[in-house]
Amino acid sequence: MNKLDTALVRASLEDAGIGLTDHPSQADLVIINTCSVRDHAEQRVLSHLGHLQHIKRSRPRMVVAVIGCMAQRLGDQLLQHPAVDVVCGPAHLPDVVRLCLEALINKTRSSVTDNWQETDRLDELETSRPAAESPGHAYVRVMRGCNRACSYCIVPLVRGPERSRAPAAILDQVRILADRGVRHITLLGQTVNAYRYRLGEKTVYLADLLEMVSSISGIHWVSFLTSYPTERQFEPILQQMAKNPKVCPYLHMPAQSGSDRILAAMNRRYTACQYIDMIEKARAMVPGIAIAGDFIVGFPGETDQDFQQTLALINKVRYKNCFVFKYSPRPGTASSRMEDSVPDQVKSSRNSQLLAAQQQISSQIASSFIGKTVTVLVEGPSKKADRFGKEDGQLQLVGRTNTDWPVVFTGAKGMVGQFVQVMIQDASPFTLFGTCVS
Ligand code: SF4
């Protein structure tokens with residue numbers, strides 16, 4: 001979500017003729033897009049602000065804007081920070097550039113976080129100025145907010161209840177992106193499988209939307225993030241994935257814990273067994289499907305036995321990759337009223353154990369690609385060190401498969417945004433390495 005919001009703000013800045021620099025110390029304007037999901041993310045923002053406050057002493061005209069969920073959560077309170085000039089919640093993205101220009105020209109300081117459930121202008125911005133993350137790939141938001149009430153989660157408090165966007169607006173946006181050369185669309189929602197939009201007598205669900213988006217000329221791959229583990233609409237989505245070659249066989253479905261006791265305390269409405277049944281159904285209906293997951297360790301009351309059940313779940317599901325987070329209480333959530341009983345060093349140790357278990361599984365899955373040729377949509381130059389060496393006029397590039405594997409290979413600049421075939425020769429747990437064969 002934040003990557004998409006950042007791309008939208010970047011596009012609005014470009015439209016206003018504002019150029020980008022990679023060096024905050026040289027910038028006239030610094031915009032920090034923030035996340036409130038974990039305390040750690042907010043602490044990092046405060047540390048950046050401390051650094052910017054220092055830079056501002058020698059560059060007093062510099063303007064600093066804080067946008068995103070932390071801006072929404074703290075509002076005017078954030079404006080009291082000496083480094084901050086503009087505070088803008090996620091629903092007010094269309095105002096960011098105007099407020100920043102006012103701050104640059106008139107030295108005004110402002111905060112807008114009201115009417116945060118009003119999204120018409122945001123819809124308009126997304127539809128009229130769709131932003132791509134890389135030349136070939138774009139995120140498209142299909143819904144906002146969340147109706148779930150997971151006890152640890154701040155998202156419903158800062159992004160509001162579930163609101164699905166009209167299919168026509170989504171399809172218009174995808175058509176513009178396809179005309180600009182985008183080939184892979186990722187549909188985004190906090191609980192994207194809950195997408196539903198009433199059109200007269202008919203309700204459009206995510207499976208219908210996948211079909212509609214995939215039929216747009218120029219679009220070759222469609223994926224979606226993130227799915228809540230529920231049987232509702234699960235089969236139609238899997239059927240679409242099974243029969244439609246453009247729908248990527250990739251499912252990101254967070255389990256969060258393998259302990260039923262902890263899942264109940266988290267107010268996740270499924271048991272570990274039900275979750276595993278869903279994964280088995282997905283694998284039976286879509287052979288070769290790649291599964292990704294999220295876990296929280298150290299939730300209040302998590303015992304070693306609960307943790308062992310989470311470890312067992314990871315070993316049973318054999319995810320392609322997992323995101324693991326240490327629990328931190330978020331203000332205003334139900335779990336923040338529970339005692340944060342697991343010591344930080346225990347959280348860290350459990351975090352490392354899950355990551356180590358997942359790394360071993362990912363490494364085995366990655367190695368199974370060696371010797372195979374995969375289709376890769378090229379994103380751009382690789383950030384990693386040169387693994388295969390450079391040939392004349394050739395670059396080290398990175399792209400992704402339709403199951404979200406990053407693939408690093410040597411190729412030409414003109415391949416960016418295109419599909420290429422890469423023969424895999426080597427693998428690390430989370431990246432494949434190979435040679436472009438066509
Ligand atoms: S489903 Fe996801 S976004 Fe919604 S409350 Fe639960 S964790 Fe938060």
# chains A, B, ... in the order shown; residues from 1 in each chain; ligands from 1

$ residues_around --residues "A:Thr113" --least-positions-apart "4" --cutoff "9 Å" --atoms "only C-alpha atoms" --output "number ranges by chain"
A: 71-73, 75-76, 87-92

$ write_last_selection --atoms "all heavy atoms" --output "PDB file, in the first residue's frame"
ATOM      1  N   ALA A  71       1.147   9.676  10.203  1.00  0.00           N
ATOM      2  CA  ALA A  71       0.613  11.044  10.111  1.00  0.00           C
ATOM      3  C   ALA A  71      -0.855  11.043  10.514  1.00  0.00           C
ATOM      4  O   ALA A  71      -1.322  11.901  11.261  1.00  0.00           O
ATOM      5  CB  ALA A  71       0.783  11.569   8.684  1.00  0.00           C
ATOM      6  N   GLN A  72      -1.602  10.029  10.036  1.00  0.00           N
ATOM      7  CA  GLN A  72      -3.023   9.930  10.368  1.00  0.00           C
ATOM      8  C   GLN A  72      -3.198   9.703  11.868  1.00  0.00           C
ATOM      9  O   GLN A  72      -4.057  10.290  12.513  1.00  0.00           O
ATOM     10  CB  GLN A  72      -3.649   8.775   9.580  1.00  0.00           C
ATOM     11  CG  GLN A  72      -5.139   8.596   9.794  1.00  0.00           C
ATOM     12  CD  GLN A  72      -5.922   9.803   9.301  1.00  0.00           C
ATOM     13  OE1 GLN A  72      -5.658  10.329   8.236  1.00  0.00           O
ATOM     14  NE2 GLN A  72      -6.865  10.259  10.108  1.00  0.00           N
ATOM     15  N   ARG A  73      -2.369   8.842  12.421  1.00  0.00           N
ATOM     16  CA  ARG A  73      -2.518   8.466  13.833  1.00  0.00           C
ATOM     17  C   ARG A  73      -2.185   9.624  14.764  1.00  0.00           C
ATOM     18  O   ARG A  73      -2.879   9.857  15.731  1.00  0.00           O
ATOM     19  CB  ARG A  73      -1.594   7.273  14.127  1.00  0.00           C
ATOM     20  CG  ARG A  73      -1.835   6.608  15.448  1.00  0.00           C
ATOM     21  CD  ARG A  73      -0.949   5.402  15.631  1.00  0.00           C
ATOM     22  NE  ARG A  73       0.373   5.718  16.116  1.00  0.00           N
ATOM     23  CZ  ARG A  73       0.666   6.093  17.347  1.00  0.00           C
ATOM     24  NH1 ARG A  73      -0.290   6.216  18.239  1.00  0.00           N
ATOM     25  NH2 ARG A  73       1.916   6.355  17.699  1.00  0.00           N
ATOM     26  N   GLY A  75      -1.453  13.064  13.783  1.00  0.00           N
ATOM     27  CA  GLY A  75      -2.002  14.357  13.370  1.00  0.00           C
ATOM     28  C   GLY A  75      -1.204  15.549  13.875  1.00  0.00           C
ATOM     29  O   GLY A  75       0.027  15.601  13.727  1.00  0.00           O
ATOM     30  N   ASP A  76      -1.921  16.511  14.505  1.00  0.00           N
ATOM     31  CA  ASP A  76      -1.288  17.755  14.972  1.00  0.00           C
ATOM     32  C   ASP A  76      -0.114  17.512  15.915  1.00  0.00           C
ATOM     33  O   ASP A  76       0.821  18.316  15.981  1.00  0.00           O
ATOM     34  CB  ASP A  76      -2.321  18.623  15.698  1.00  0.00           C
ATOM     35  CG  ASP A  76      -3.288  19.255  14.702  1.00  0.00           C
ATOM     36  OD1 ASP A  76      -2.998  19.194  13.491  1.00  0.00           O
ATOM     37  OD2 ASP A  76      -4.322  19.779  15.145  1.00  0.00           O
ATOM     38  N   VAL A  87       1.783  17.631   7.691  1.00  0.00           N
ATOM     39  CA  VAL A  87       1.332  16.306   8.128  1.00  0.00           C
ATOM     40  C   VAL A  87       0.097  15.968   7.309  1.00  0.00           C
ATOM     41  O   VAL A  87      -0.846  16.751   7.257  1.00  0.00           O
ATOM     42  CB  VAL A  87       0.975  16.304   9.642  1.00  0.00           C
ATOM     43  CG1 VAL A  87       0.428  14.945  10.073  1.00  0.00           C
ATOM     44  CG2 VAL A  87       2.178  16.686  10.482  1.00  0.00           C
ATOM     45  N   CYS A  88       0.107  14.814   6.657  1.00  0.00           N
ATOM     46  CA  CYS A  88      -0.969  14.534   5.712  1.00  0.00           C
ATOM     47  C   CYS A  88      -1.340  13.045   5.763  1.00  0.00           C
ATOM     48  O   CYS A  88      -0.505  12.186   5.497  1.00  0.00           O
ATOM     49  CB  CYS A  88      -0.434  14.918   4.329  1.00  0.00           C
ATOM     50  SG  CYS A  88      -1.678  15.090   3.105  1.00  0.00           S
ATOM     51  N   GLY A  89      -2.584  12.750   6.136  1.00  0.00           N
ATOM     52  CA  GLY A  89      -3.040  11.362   6.248  1.00  0.00           C
ATOM     53  C   GLY A  89      -3.190  10.698   4.882  1.00  0.00           C
ATOM     54  O   GLY A  89      -3.211  11.380   3.850  1.00  0.00           O
ATOM     55  N   PRO A  90      -3.333   9.354   4.852  1.00  0.00           N
ATOM     56  CA  PRO A  90      -3.355   8.620   3.575  1.00  0.00           C
ATOM     57  C   PRO A  90      -4.517   8.997   2.657  1.00  0.00           C
ATOM     58  O   PRO A  90      -4.408   8.846   1.440  1.00  0.00           O
ATOM     59  CB  PRO A  90      -3.463   7.150   3.982  1.00  0.00           C
ATOM     60  CG  PRO A  90      -3.393   7.092   5.451  1.00  0.00           C
ATOM     61  CD  PRO A  90      -3.384   8.457   6.015  1.00  0.00           C
ATOM     62  N   ALA A  91      -5.617   9.495   3.224  1.00  0.00           N
ATOM     63  CA  ALA A  91      -6.753   9.864   2.359  1.00  0.00           C
ATOM     64  C   ALA A  91      -6.515  11.206   1.672  1.00  0.00           C
ATOM     65  O   ALA A  91      -7.276  11.612   0.795  1.00  0.00           O
ATOM     66  CB  ALA A  91      -8.036   9.926   3.175  1.00  0.00           C
ATOM     67  N   HIS A  92      -5.478  11.931   2.086  1.00  0.00           N
ATOM     68  CA  HIS A  92      -5.249  13.282   1.564  1.00  0.00           C
ATOM     69  C   HIS A  92      -4.068  13.355   0.601  1.00  0.00           C
ATOM     70  O   HIS A  92      -3.494  14.433   0.415  1.00  0.00           O
ATOM     71  CB  HIS A  92      -5.039  14.258   2.730  1.00  0.00           C
ATOM     72  CG  HIS A  92      -6.290  14.458   3.516  1.00  0.00           C
ATOM     73  ND1 HIS A  92      -7.273  15.336   3.147  1.00  0.00           N
ATOM     74  CD2 HIS A  92      -6.740  13.848   4.629  1.00  0.00           C
ATOM     75  CE1 HIS A  92      -8.275  15.271   4.013  1.00  0.00           C
ATOM     76  NE2 HIS A  92      -7.973  14.371   4.918  1.00  0.00           N
TER      77      HIS A  92
END

$ residues_near_ligand --ligand "ligand 1" --cutoff "7 Å" --atoms "only C-alpha atoms and all ligand atoms" --output "mmCIF file with C-alpha atoms, in the first residue's frame"
data_model
loop_
_atom_site.group_PDB
_atom_site.id
_atom_site.type_symbol
_atom_site.label_atom_id
_atom_site.label_comp_id
_atom_site.auth_asym_id
_atom_site.auth_seq_id
_atom_site.Cartn_x
_atom_site.Cartn_y
_atom_site.Cartn_z
ATOM 1 C CA CYS A 146 -10.462 -3.424 6.674
ATOM 2 C CA ASN A 147 -13.534 -4.791 8.481
ATOM 3 C CA ARG A 148 -11.620 -7.399 10.441
ATOM 4 C CA ALA A 149 -10.685 -6.627 13.986
ATOM 5 C CA CYS A 150 -7.462 -8.535 14.591
ATOM 6 C CA CYS A 153 -3.802 -4.403 14.320
ATOM 7 C CA ILE A 154 -3.920 -0.648 13.936
ATOM 8 C CA VAL A 155 -4.932 -0.684 10.257
ATOM 9 C CA PRO A 156 -8.730 -0.420 10.767
ATOM 10 C CA GLN A 190 -5.729 -5.226 3.153
ATOM 11 C CA THR A 191 -8.045 -8.236 2.770
ATOM 12 C CA TYR A 228 -7.284 -13.255 4.765
#

$ select_by_dssp --residues "stretch 96-252 of chain A" --states "alpha helix (DSSP H)" --output "number ranges by chain"
A: 96-106, 120-128, 155-159, 167-179, 206-214, 234-243

$ select_by_dssp --residues "stretch 174-377 of chain A" --states "strand (DSSP E or B)" --output "NGL selection string"
:A and (184-188 or 196-199 or 202-205 or 221-225 or 247 or 250-252 or 256 or 290-297 or 321-326 or 373-377)

$ write_last_selection --atoms "N, CA and C atoms" --output "tab-separated table (two decimals), in the first residue's frame"
chain	number	residue	atom	x	y	z
A	184	HIS	N	2.20	-6.41	-15.85
A	184	HIS	CA	1.82	-7.16	-14.65
A	184	HIS	C	1.11	-6.22	-13.68
A	185	ILE	N	-0.10	-6.60	-13.29
A	185	ILE	CA	-0.87	-5.79	-12.34
A	185	ILE	C	-1.02	-6.58	-11.04
A	186	THR	N	-0.74	-5.93	-9.92
A	186	THR	CA	-1.04	-6.54	-8.63
A	186	THR	C	-2.19	-5.77	-7.99
A	187	LEU	N	-3.30	-6.47	-7.78
A	187	LEU	CA	-4.47	-5.84	-7.16
A	187	LEU	C	-4.25	-5.84	-5.65
A	188	LEU	N	-4.47	-4.69	-5.04
A	188	LEU	CA	-4.15	-4.53	-3.62
A	188	LEU	C	-5.36	-4.29	-2.75
A	196	ARG	N	-15.82	-6.86	-2.92
A	196	ARG	CA	-17.18	-7.07	-3.45
A	196	ARG	C	-17.77	-5.73	-3.81
A	197	TYR	N	-18.37	-5.68	-4.99
A	197	TYR	CA	-18.97	-4.41	-5.44
A	197	TYR	C	-20.30	-4.73	-6.11
A	198	ARG	N	-21.34	-4.12	-5.61
A	198	ARG	CA	-22.69	-4.40	-6.12
A	198	ARG	C	-22.90	-3.59	-7.39
A	199	LEU	N	-23.25	-4.30	-8.47
A	199	LEU	CA	-23.55	-3.63	-9.75
A	199	LEU	C	-24.95	-4.08	-10.15
A	202	LYS	N	-26.12	-7.79	-9.78
A	202	LYS	CA	-24.95	-8.67	-9.67
A	202	LYS	C	-23.93	-8.11	-8.67
A	203	THR	N	-23.24	-9.00	-8.00
A	203	THR	CA	-22.12	-8.57	-7.16
A	203	THR	C	-20.82	-9.02	-7.83
A	204	VAL	N	-19.90	-8.09	-7.96
A	204	VAL	CA	-18.59	-8.42	-8.53
A	204	VAL	C	-17.65	-8.79	-7.38
A	205	TYR	N	-17.08	-9.98	-7.45
A	205	TYR	CA	-16.13	-10.43	-6.42
A	205	TYR	C	-14.71	-10.41	-7.01
A	221	TRP	N	0.03	-10.67	-16.77
A	221	TRP	CA	-0.01	-11.29	-15.45
A	221	TRP	C	-0.87	-10.45	-14.52
A	222	VAL	N	-1.66	-11.12	-13.70
A	222	VAL	CA	-2.44	-10.43	-12.66
A	222	VAL	C	-2.24	-11.20	-11.35
A	223	SER	N	-1.87	-10.48	-10.30
A	223	SER	CA	-1.79	-11.12	-8.98
A	223	SER	C	-2.53	-10.26	-7.97
A	224	PHE	N	-2.59	-10.71	-6.72
A	224	PHE	CA	-3.36	-9.96	-5.72
A	224	PHE	C	-2.75	-10.16	-4.34
A	225	LEU	N	-2.87	-9.13	-3.53
A	225	LEU	CA	-2.32	-9.10	-2.17
A	225	LEU	C	-3.29	-8.34	-1.27
A	247	VAL	N	-3.59	-15.33	-14.51
A	247	VAL	CA	-3.65	-15.11	-13.05
A	247	VAL	C	-2.50	-15.87	-12.40
A	250	TYR	N	0.11	-17.55	-7.24
A	250	TYR	CA	0.82	-17.02	-6.06
A	250	TYR	C	-0.22	-16.55	-5.05
A	251	LEU	N	-0.09	-17.03	-3.83
A	251	LEU	CA	-1.06	-16.68	-2.79
A	251	LEU	C	-0.32	-16.22	-1.54
A	252	HIS	N	-0.53	-14.96	-1.18
A	252	HIS	CA	0.05	-14.46	0.06
A	252	HIS	C	-1.07	-14.46	1.09
A	256	GLN	N	-0.14	-15.86	10.77
A	256	GLN	CA	0.20	-15.11	11.99
A	256	GLN	C	0.63	-16.00	13.16
A	290	ALA	N	2.63	-20.96	-5.45
A	290	ALA	CA	3.61	-20.51	-4.45
A	290	ALA	C	2.83	-19.82	-3.33
A	291	ILE	N	3.18	-20.18	-2.09
A	291	ILE	CA	2.47	-19.62	-0.93
A	291	ILE	C	3.43	-18.77	-0.11
A	292	ALA	N	2.99	-17.57	0.23
A	292	ALA	CA	3.79	-16.72	1.13
A	292	ALA	C	2.96	-16.44	2.37
A	293	GLY	N	3.65	-16.17	3.49
A	293	GLY	CA	2.90	-15.96	4.74
A	293	GLY	C	3.52	-14.89	5.62
A	294	ASP	N	2.77	-14.49	6.62
A	294	ASP	CA	3.26	-13.56	7.64
A	294	ASP	C	3.06	-14.19	9.02
A	295	PHE	N	3.99	-13.92	9.92
A	295	PHE	CA	3.85	-14.40	11.30
A	295	PHE	C	4.22	-13.31	12.29
A	296	ILE	N	3.55	-13.35	13.44
A	296	ILE	CA	3.92	-12.47	14.55
A	296	ILE	C	4.43	-13.37	15.67
A	297	VAL	N	5.62	-13.06	16.20
A	297	VAL	CA	6.10	-13.82	17.36
A	297	VAL	C	6.03	-12.94	18.60
A	321	ASN	N	8.15	-18.00	0.89
A	321	ASN	CA	8.84	-17.09	1.81
A	321	ASN	C	7.85	-16.60	2.87
A	322	CYS	N	8.39	-16.13	3.98
A	322	CYS	CA	7.57	-15.65	5.10
A	322	CYS	C	8.10	-14.34	5.61
A	323	PHE	N	7.21	-13.50	6.05
A	323	PHE	CA	7.60	-12.29	6.75
A	323	PHE	C	7.31	-12.52	8.23
A	324	VAL	N	8.33	-12.30	9.07
A	324	VAL	CA	8.15	-12.56	10.50
A	324	VAL	C	8.37	-11.26	11.26
A	325	PHE	N	7.47	-10.96	12.18
A	325	PHE	CA	7.55	-9.70	12.93
A	325	PHE	C	7.48	-9.98	14.42
A	326	LYS	N	8.24	-9.20	15.17
A	326	LYS	CA	8.13	-9.27	16.62
A	326	LYS	C	6.93	-8.43	17.04
A	373	THR	N	14.21	-23.33	-17.06
A	373	THR	CA	14.10	-22.01	-17.69
A	373	THR	C	12.78	-21.37	-17.25
A	374	VAL	N	12.86	-20.12	-16.78
A	374	VAL	CA	11.66	-19.46	-16.27
A	374	VAL	C	11.41	-18.17	-17.05
A	375	THR	N	10.13	-17.75	-17.07
A	375	THR	CA	9.78	-16.48	-17.70
A	375	THR	C	9.90	-15.38	-16.64
A	376	VAL	N	10.58	-14.31	-17.02
A	376	VAL	CA	10.87	-13.23	-16.07
A	376	VAL	C	10.41	-11.90	-16.65
A	377	LEU	N	9.70	-11.13	-15.86
A	377	LEU	CA	9.39	-9.76	-16.25
A	377	LEU	C	10.47	-8.87	-15.65

$ atom_distance --atom1 "atom CA of A:Val286" --atom2 "atom CA of A:Gln308"
28.9 Å

$ residues_around --residues "stretch 122-137 of chain A" --least-positions-apart "5" --cutoff "6 Å" --atoms "only C-alpha atoms" --output "PyMOL selection string"
chain A and resi 7-8+173+182-185+379+417
